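Asker: Just dropping this structure here.
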Amino acid sequence: MTTVLPIGYVTLLEAAEMLQPAMHAGLPDSSRVAEFRQKGLAVSDGPARDRAIAELWKAVDKDSLRSWAIGGSPRRIVRLDAHFTKSVPLLRSPRGRGLTFLRPSNPAFHELSRAFGGPFHGATLIFQASDVQKLGRRLMRTRRTARRADGQKKGRGRPSLIATVQSVIRDVTNRKKWDATMSMKALTREVNRAGRGQQPASQDTVTRALDGLFEQSGDRRFERVRKPRRSRS
């Protein structure tokens, strides 16, 4: 039976999926993933997901991300602090991710039983989506800082029509002149610099060209990191 989550919460795998663009956008797929995608197979990058899960737990240890469990009857949400999660076998493992392996011989078993008022093995590990989004922004800022430290220069390109824009973007990324940690404004500026004397392309055109490249190829180098929309009151 699928657990219905409260509004604003996500599971561990959903949280990892949210983090991956901030961690891996602009990086080429592994050779194995690229091989499957070239054959038309929709596959996920397991190692990339595992790295995202590891970042989630690092944030929990720093108390910048809170972990919870939801379950029981009646349904309850229980806060799981960093020390507690370390005491649950395989809870932090990318292949475990649950409370299934917790046994009565572990003091954490009785602690959870009291918190849930009974059985808890079907409980689901969850995080607040807003906290995961904040973590993603921090990771992206860290990547940008590291990139500047490497002394890499901003990119160049030039489009007019979508197909031309996409061709230029491919060339720019192949030469490592631009990557997804940089802004669309920067890409648009450099694209127009490359085509002096021709009609400049708008940021909207460049953005649509980049999105089209990612949709066609599934290559993370063309995956744009989108800012979450703020809800209106």
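Starting from 1 in every chain, residues are counted up; chains themselves are A, B, ... following the order of the structure tokens, and ligands are numbered from 1 as listed.
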Per DSSP on the backbone, what are the strand (DSSP E or B) residues of range 54-189 of chain A, as a VMD selection string?
Answerer: chain A and resid 67 to 71 76 to 80 124 to 128
Asker: Include C-alpha atoms and write out the residues we just selected as a CSV table (one decimal), in the first residue's frame.
Answerer:
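Dumped to result.csv:
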chain,number,residue,atom,x,y,z
A,67,SER,CA,14.5,13.6,8.5
A,68,TRP,CA,11.1,12.2,9.5
A,69,ALA,CA,9.2,9.0,9.4
A,70,ILE,CA,5.5,8.7,8.6
A,71,GLY,CA,3.4,5.7,9.4
A,76,ARG,CA,1.9,9.9,12.8
A,77,ILE,CA,4.9,11.8,11.8
A,78,VAL,CA,8.0,11.2,13.9
A,79,ARG,CA,11.2,13.3,13.8
A,80,LEU,CA,14.4,11.2,13.4
A,124,THR,CA,8.2,5.8,5.2
A,125,LEU,CA,11.3,8.0,5.5
A,126,ILE,CA,10.5,11.6,4.4
A,127,PHE,CA,12.0,15.1,4.2
A,128,GLN,CA,10.5,18.6,3.8
Asker: Using only C-alpha atoms, determine which residues lie at most 9 Å from Arg49 in chain A, disregarding the query and same-chain residues fewer than 6 positions distant; provide the list as a list in words.
Answerer: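 Selected residues are Leu13, Ala16, Glu17, Leu19, Gln20 and Pro94 of chain A.
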Asker: Can you write just those residues out, C-alpha atoms, as a PDB file, in the first residue's frame?
Answerer:
ATOM      1  CA  LEU A  13      14.290   8.825  -3.506  1.00  0.00           C
ATOM      2  CA  ALA A  16      17.618  12.514  -4.215  1.00  0.00           C
ATOM      3  CA  GLU A  17      15.962  13.143  -7.597  1.00  0.00           C
ATOM      4  CA  LEU A  19      19.191  17.151  -5.754  1.00  0.00           C
ATOM      5  CA  GLN A  20      20.663  15.537  -8.856  1.00  0.00           C
ATOM      6  CA  PRO A  94      21.163   3.516  -0.826  1.00  0.00           C
TER       7      PRO A  94
END
